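File shown here: my_file26.txt, holding compact mmCIF, C-alpha atoms.
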# COMPACT_ATOMS: atom_id res chain seq x y z
CA MET A 244 16.11 -41.76 4.20
CA ILE A 245 17.74 -39.36 6.60
CA GLY A 246 18.59 -35.66 6.91
CA ASP A 247 20.41 -33.68 9.56
CA ASP A 248 21.26 -30.11 10.45
CA VAL A 249 23.45 -28.51 13.10
CA VAL A 250 23.23 -24.92 14.39
CA ASP A 251 25.97 -23.13 16.33
CA LEU A 252 23.93 -21.54 19.11
CA ASP A 253 26.72 -19.16 20.10
CA ASP A 254 26.99 -17.50 16.68
CA PRO A 255 26.45 -13.81 17.51
CA ALA A 256 24.68 -13.34 14.18
CA ILE A 257 21.68 -15.36 15.40
CA ALA A 258 21.57 -14.07 18.97
CA ALA A 259 18.36 -12.05 18.63
CA HIS A 260 16.36 -13.71 15.87
CA HIS A 261 13.90 -15.11 18.44
CA LEU A 262 12.92 -11.48 19.11
CA ARG A 263 12.33 -10.57 15.45
CA PRO A 264 8.65 -11.01 14.51
CA ARG A 265 9.17 -10.88 10.75
CA PHE A 266 11.81 -13.60 10.88
CA LEU A 267 9.54 -15.72 13.06
CA ASP A 268 6.57 -15.13 10.75
CA ARG A 269 8.67 -16.23 7.80
CA VAL A 270 10.05 -19.47 9.22
CA LEU A 271 7.52 -20.71 11.78
CA HIS A 272 4.05 -22.24 11.54
CA PRO A 273 1.48 -20.51 13.79
CA SER A 274 1.48 -23.51 16.14
CA GLU A 275 5.25 -23.20 16.50
CA ARG A 276 4.99 -19.47 17.19
CA ALA A 277 2.53 -20.18 19.98
CA ALA A 278 4.85 -22.79 21.47
CA LEU A 279 7.82 -20.43 21.16
CA SER A 280 6.04 -17.74 23.13
CA ALA A 281 5.46 -20.19 25.98
CA THR A 282 8.99 -21.53 26.29
CA ARG A 283 11.62 -20.36 28.78
CA SER A 284 14.44 -20.74 26.26
CA PRO A 285 13.13 -19.13 23.07
CA LYS A 286 16.52 -18.90 21.36
CA VAL A 287 17.33 -22.59 21.75
CA PHE A 288 13.72 -23.46 20.90
CA LEU A 289 13.78 -21.41 17.69
CA TRP A 290 17.03 -22.84 16.42
CA SER A 291 16.00 -26.39 17.29
CA LEU A 292 12.88 -25.83 15.19
CA PHE A 293 15.00 -24.35 12.41
CA ALA A 294 17.41 -27.29 12.45
CA ALA A 295 14.47 -29.71 12.40
CA LYS A 296 13.04 -28.00 9.32
CA GLU A 297 16.40 -27.99 7.53
CA ALA A 298 16.97 -31.67 8.33
CA THR A 299 13.50 -32.58 7.08
CA TYR A 300 13.96 -30.54 3.91
CA LYS A 301 17.09 -32.60 3.16
CA LEU A 302 15.11 -35.78 3.76
CA VAL A 303 12.11 -34.73 1.65
CA SER A 304 14.42 -33.60 -1.16
CA LYS A 305 15.62 -37.21 -1.47
CA LEU A 306 12.13 -38.59 -1.99
CA GLY A 307 11.96 -37.54 -5.63
CA THR A 308 9.28 -34.84 -5.69
CA PRO A 309 10.67 -31.34 -6.24
CA VAL A 310 10.12 -29.30 -3.09
CA ILE A 311 10.24 -25.57 -2.40
CA PHE A 312 11.95 -24.78 0.86
CA ALA A 313 9.28 -22.79 2.65
CA HIS A 314 10.31 -23.15 6.29
CA ALA A 315 6.81 -22.54 7.68
CA GLU A 316 5.44 -25.48 5.70
CA PHE A 317 7.65 -27.88 7.65
CA VAL A 318 5.71 -28.22 10.88
CA VAL A 319 7.38 -29.59 14.01
CA ASP A 320 5.09 -31.19 16.58
CA ASP A 321 5.09 -29.66 20.05
CA GLY A 322 7.11 -32.49 21.53
CA PHE A 323 9.87 -32.35 18.89
CA ARG A 324 9.09 -35.95 17.96
CA SER A 325 8.09 -35.48 14.32
CA VAL A 326 8.02 -33.04 11.42
CA ARG A 327 5.27 -32.96 8.83
CA HIS A 328 5.59 -31.58 5.30
CA ARG A 329 2.36 -32.07 3.38
CA ASP A 330 1.87 -35.86 3.21
CA VAL A 331 5.33 -36.75 4.53
CA GLU A 332 5.89 -37.26 8.25
CA ALA A 333 9.46 -37.66 9.48
CA VAL A 334 10.61 -39.03 12.81
CA LEU A 335 12.60 -36.33 14.57
CA GLU A 336 15.28 -36.51 17.21
CA ILE A 337 16.92 -33.39 18.57
CA GLU A 338 20.15 -33.28 20.54
CA THR A 339 20.84 -29.96 22.20
CA ASP A 340 24.01 -29.27 24.16
CA VAL A 341 23.82 -25.75 25.53
CA ALA A 342 27.18 -26.08 27.29
CA ARG A 343 28.98 -26.88 24.04
CA GLY A 344 26.68 -24.55 22.14
CA PHE A 345 24.89 -26.54 19.49
CA THR A 346 21.57 -28.06 18.56
CA HIS A 347 21.46 -30.95 16.10
CA ALA A 348 18.37 -32.32 14.40
CA VAL A 349 18.03 -35.68 12.69
CA ALA A 350 14.92 -36.38 10.60
CA ARG A 351 14.33 -39.84 9.20
CA THR A 352 11.62 -41.88 7.57
CA ALA A 353 9.61 -44.14 9.85
CA GLY A 354 10.92 -47.67 10.19
CA SER A 355 14.56 -46.74 9.80
CA SER A 356 15.62 -47.27 13.38
CA ARG A 357 19.31 -48.11 12.92
CA TYR A 358 21.21 -44.93 12.42
CA GLN A 359 24.25 -43.05 13.67
CA ARG A 360 24.64 -39.35 14.37
CA GLN A 361 27.56 -37.22 15.46
CA VAL A 362 28.52 -33.61 16.10
CA GLU A 363 32.16 -32.53 16.25
CA ALA A 364 33.78 -29.21 17.02
CA ILE A 365 36.31 -28.09 14.39
CA PRO A 366 39.36 -25.83 14.65
CA VAL A 367 38.99 -22.17 13.74
CA GLY A 368 39.66 -21.69 10.03
CA ALA A 369 39.21 -25.36 9.14
CA ASP A 370 37.44 -26.36 5.92
CA ALA A 371 34.07 -27.30 7.41
CA SER A 372 32.86 -29.31 4.41
CA ARG A 373 36.04 -31.38 4.44
CA GLU A 374 35.90 -31.89 8.22
CA ALA A 375 32.29 -33.08 8.02
CA ARG A 376 33.13 -35.57 5.28
CA GLN A 377 36.16 -36.89 7.15
CA ALA A 378 34.11 -37.39 10.32
CA LEU A 379 31.49 -39.33 8.35
CA LEU A 380 34.10 -41.46 6.56
CA ARG A 381 35.83 -42.40 9.83
CA ALA A 382 32.54 -43.42 11.42
CA MET A 383 31.33 -45.38 8.40
CA ALA A 384 34.64 -47.19 8.05
CA ALA A 385 34.20 -48.39 11.64
CA GLN A 386 30.59 -49.43 10.96
CA LEU A 387 31.43 -51.28 7.75
CA GLU A 388 34.69 -52.66 9.19
CA CYS A 389 36.78 -51.39 6.32
CA ALA A 390 39.55 -48.87 5.74
CA PRO A 391 38.44 -45.26 5.34
CA SER A 392 40.35 -45.23 2.05
CA GLU A 393 37.81 -47.72 0.63
CA LEU A 394 35.06 -45.16 1.04
CA ILE A 395 34.28 -41.92 -0.71
CA ILE A 396 31.43 -39.43 -0.51
CA GLU A 397 30.06 -38.31 -3.84
CA ARG A 398 27.45 -35.80 -4.90
CA ALA A 399 26.03 -36.45 -8.34
CA PRO A 400 25.14 -33.50 -10.60
CA LYS A 401 21.57 -32.30 -10.07
CA PRO A 402 20.58 -29.30 -12.19
CA GLY A 403 18.38 -26.83 -10.34
CA SER A 404 19.68 -27.65 -6.88
CA TRP A 405 21.30 -24.86 -4.87
CA ASP A 406 24.80 -25.71 -6.08
CA GLY A 407 24.06 -27.98 -9.03
CA PHE A 408 24.64 -31.20 -7.09
CA GLY A 409 22.39 -33.68 -5.30
CA PRO A 410 22.64 -35.06 -1.77
CA PRO A 411 25.80 -36.85 -0.64
CA ARG A 412 26.12 -40.59 -1.25
CA LEU A 413 28.51 -43.05 0.35
CA LEU A 414 30.42 -45.26 -2.09
CA ARG A 415 32.65 -48.24 -1.29
CA HIS A 416 35.18 -49.18 -3.95
CA GLY A 417 33.30 -46.76 -6.18
CA VAL A 418 29.97 -48.57 -5.78
CA PRO A 419 27.04 -46.88 -3.97
CA THR A 420 26.31 -48.44 -0.57
CA THR A 421 22.88 -48.86 1.02
CA VAL A 422 23.85 -46.37 3.74
CA ASP A 423 21.96 -43.10 3.40
CA VAL A 424 23.93 -40.11 4.68
CA SER A 425 23.51 -36.45 5.50
CA LEU A 426 26.12 -33.79 6.27
CA SER A 427 25.88 -30.37 7.89
CA HIS A 428 28.10 -27.65 9.28
CA ASP A 429 27.58 -24.33 10.98
CA GLY A 430 30.08 -22.12 12.74
CA ARG A 431 32.25 -24.19 15.07
CA PHE A 432 30.53 -27.50 14.37
CA VAL A 433 30.21 -30.20 11.76
CA SER A 434 27.73 -33.05 11.90
CA PHE A 435 26.50 -36.09 10.07
CA ALA A 436 23.70 -38.62 10.24
CA ALA A 437 23.77 -42.02 8.58
CA GLN A 438 20.90 -44.46 8.22
CA LEU A 439 22.62 -47.78 8.31
CA TRP A 440 19.82 -50.14 7.24
CA MET B 35 16.18 1.94 -11.04
CA ASP B 36 18.50 0.17 -13.49
CA GLN B 37 20.17 -3.22 -13.26
CA GLN B 38 23.53 -1.84 -12.10
CA GLU B 39 21.88 0.15 -9.33
CA VAL B 40 19.92 -2.87 -8.11
CA PHE B 41 23.04 -5.06 -8.37
CA THR B 42 25.02 -2.64 -6.20
CA LYS B 43 22.28 -2.54 -3.58
CA VAL B 44 21.90 -6.33 -3.57
CA VAL B 45 25.65 -6.79 -3.04
CA GLY B 46 25.45 -4.27 -0.18
CA ILE B 47 22.61 -6.25 1.38
CA LEU B 48 24.51 -9.53 1.03
CA LYS B 49 27.79 -8.18 2.41
CA PRO B 50 27.09 -8.58 6.17
CA PHE B 51 25.86 -12.14 5.65
CA VAL B 52 28.71 -13.44 3.48
CA LYS B 53 31.02 -16.04 5.02
CA ALA B 54 33.46 -15.93 2.11
CA PRO B 55 34.19 -12.18 1.90
CA GLU B 56 37.04 -12.75 -0.55
CA ALA B 57 34.43 -13.77 -3.12
CA LEU B 58 32.97 -10.26 -3.03
CA ALA B 59 36.07 -8.98 -4.84
CA THR B 60 34.92 -10.74 -8.00
CA VAL B 61 31.17 -10.74 -7.42
CA SER B 62 29.07 -10.75 -10.59
CA MET B 63 25.54 -11.57 -11.73
CA GLU B 64 26.65 -15.21 -12.02
CA THR B 65 28.01 -15.49 -8.46
CA SER B 66 26.21 -18.17 -6.42
CA VAL B 67 24.80 -16.79 -3.19
CA LEU B 68 25.11 -20.06 -1.29
CA LYS B 69 28.05 -21.81 -2.95
CA ASP B 70 30.38 -18.89 -3.72
CA LEU B 71 29.44 -16.34 -1.06
CA LYS B 72 28.61 -19.07 1.47
CA VAL B 73 25.54 -17.34 2.83
CA ASN B 74 23.88 -20.00 4.99
CA SER B 75 20.18 -20.74 4.90
CA ALA B 76 19.28 -18.87 8.09
CA ARG B 77 21.04 -15.76 6.81
CA LEU B 78 19.34 -16.20 3.46
CA VAL B 79 16.04 -15.55 5.22
CA ASP B 80 17.59 -12.35 6.60
CA VAL B 81 18.66 -11.39 3.08
CA VAL B 82 15.13 -11.89 1.75
CA LEU B 83 13.71 -9.69 4.53
CA GLU B 84 16.31 -6.99 3.79
CA ILE B 85 15.45 -7.09 0.09
CA GLU B 86 11.75 -6.71 0.92
CA ASP B 87 12.48 -3.69 3.12
CA THR B 88 14.97 -2.02 0.80
CA PHE B 89 12.96 -2.35 -2.39
CA GLY B 90 9.44 -2.27 -0.95
CA ILE B 91 8.46 -5.60 -2.48
CA ALA B 92 7.11 -8.92 -1.20
CA VAL B 93 9.13 -12.04 -1.95
CA THR B 94 7.28 -15.36 -1.81
CA ASP B 95 8.92 -18.54 -0.57
CA ALA B 96 8.85 -19.91 -4.12
CA GLN B 97 10.62 -16.81 -5.44
CA ALA B 98 13.18 -16.95 -2.62
CA ASP B 99 13.78 -20.62 -3.34
CA SER B 100 14.48 -19.84 -6.99
CA VAL B 101 17.30 -17.41 -6.19
CA LYS B 102 20.58 -19.20 -6.77
CA THR B 103 22.77 -16.34 -7.99
CA VAL B 104 23.14 -12.62 -7.37
CA GLY B 105 21.69 -12.12 -10.84
CA ASP B 106 18.59 -14.16 -9.90
CA ALA B 107 17.98 -11.75 -7.00
CA VAL B 108 18.57 -8.71 -9.20
CA ASN B 109 16.19 -9.96 -11.89
CA LEU B 110 13.55 -10.87 -9.31
CA ILE B 111 13.67 -7.32 -7.94
CA LEU B 112 13.59 -5.71 -11.38
CA ALA B 113 10.56 -7.84 -12.32
CA ALA B 114 8.76 -6.93 -9.09
CA LYS B 115 9.46 -3.21 -9.61
CA ALA B 116 8.45 -3.20 -13.28
Translate this file's structure into structure tokens.
Amino acid sequence: MIGDDVVDLDDPAIAAHHLRPRFLDRVLHPSERAALSATRSPKVFLWSLFAAKEATYKLVSKLGTPVIFAHAEFVVDDGFRSVRHRDVEAVLEIETDVARGFTHAVARTAGSSRYQRQVEAIPVGADASREARQALLRAMAAQLECAPSELIIERAPKPGSWDGFGPPRLLRHGVPTTVDVSLSHDGRFVSFAAQLW
Amino acid sequence: MDQQEVFTKVVGILKPFVKAPEALATVSMETSVLKDLKVNSARLVDVVLEIEDTFGIAVTDAQADSVKTVGDAVNLILAAKA
């Protein structure tokens, strides 16, 4: 299983959150707060932690047990190599590109080494959900050596979820594939992660 | 404080964080905070903190997680103030 999350680091709305104690108390574990206070780049550090927690929440949500999204309960290790949520430990990989202005987290279950990730910038005003799906479909068509038109991304109804639908699934000719996928977008960026097998 | 008063304040709190401002024109108790107003998850934390400050209540993570619509937020506040 896999989850991902991208954060647009240049969004002015998040420029000062690393200086807001109540926000930090709400989303960070005490160990993460200590690490944040010692880093030279607290803003990038905070949003990399945040993306890691979001990515891991998506992953844990796929494992079947209902989970409350309490950010502070998703604990990132001090080397950004893993995230723990109760008895689940996810392998974490963070890609941060300060020049382009994003941080992207991918969380995956141990043993799933073959995966693909991507972040793309999108035009101003573009439909971010659509752009993220199209980027994923293009990449998966190349992986599966098929036409993009053979593939669709579907979200099955899931009562109680934030929008009434479950996580995205990749279907080929209408049949679910074994590829597990995750989509994200924020500000100027869309992203995906796909666990191939 | 009645439901309409809380609703108006909640919409005012949400307004700066909404990425689909056109949806505010038809906002109702049934409007989805994430899907319709497109408030992202980081900003949702900001909304929860604003609600705590404005109404003088504490919102747990479980309560915050249960808020899907504007009406959910309004009812949560009314219950906390009762």
Exercise answer, chain B residues close to chain A, 7 Å and only C-alpha atoms, as a PyMOL selection string: chain B and resi 69+95-96+99+102
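Reported to one decimal place, the separation of atom CA of Glu397 of chain A from atom CA of Ala437 of chain A is 14.4 Å.
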Atom pair atom CA of Ala107 of chain B / atom CA of Glu39 of chain B: separation (Å): 12.7 Å
Neighbouring residues of Asp70 of chain B were defined as those with any atom within 8 Å, considering only C-alpha atoms; residues of the same chain fewer than 4 positions away were excluded. Please report them as an mmCIF file with C-alpha atoms, in the coordinates of the input.
data_model
loop_
_atom_site.group_PDB
_atom_site.id
_atom_site.type_symbol
_atom_site.label_atom_id
_atom_site.label_comp_id
_atom_site.auth_asym_id
_atom_site.auth_seq_id
_atom_site.Cartn_x
_atom_site.Cartn_y
_atom_site.Cartn_z
ATOM 1 C CA ALA B 54 33.460 -15.930 2.110
ATOM 2 C CA ALA B 57 34.430 -13.770 -3.120
ATOM 3 C CA THR B 65 28.010 -15.490 -8.460
ATOM 4 C CA SER B 66 26.210 -18.170 -6.420
#
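Minimum distance to Gly246 of chain A across A:Trp440, A:Phe345, A:Phe323, A:Phe435 (counting all atoms listed in the file) occurs at A:Phe435.
When the distance limit is 10 Å and all atoms listed in the file are what count, the residues near Ala116 of chain B, minus those fewer than 4 positions from it on the same chain, are Met35, Ile111 and Leu112 of chain B.
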Listed atoms of segment 376-380 of chain A boxed along x, y and z, 6 Å each side, centre and edge lengths in Å, one decimal, as JSON:
{"center_x": 33.8, "center_y": -38.5, "center_z": 7.8, "size_x": 16.7, "size_y": 17.9, "size_z": 17.0}
All residues 9 Å or closer to Ile47 of chain B, only C-alpha atoms, same chain fewer than 6 positions away omitted, as an mmCIF file with C-alpha atoms, in the frame of the given file:
data_model
loop_
_atom_site.group_PDB
_atom_site.id
_atom_site.type_symbol
_atom_site.label_atom_id
_atom_site.label_comp_id
_atom_site.auth_asym_id
_atom_site.auth_seq_id
_atom_site.Cartn_x
_atom_site.Cartn_y
_atom_site.Cartn_z
ATOM 1 C CA VAL B 81 18.660 -11.390 3.080
ATOM 2 C CA GLU B 84 16.310 -6.990 3.790
ATOM 3 C CA ILE B 85 15.450 -7.090 0.090
ATOM 4 C CA THR B 88 14.970 -2.020 0.800
#
Selected residue of minimal separation from Arg263 of chain A among B:Ala114, B:Leu83, B:Thr103, B:Ala98, counting all atoms listed in the file: B:Leu83
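Once Ala369 of chain A and its same-chain neighbours fewer than 2 positions away are set aside, Ala364, Ile365, Pro366, Val367, Ala371, Ser372, Arg373, Glu374, Ala375, His428, Asp429, Gly430, Arg431, Phe432 and Val433 of chain A remain within 12 Å of it when counting all atoms listed in the file.
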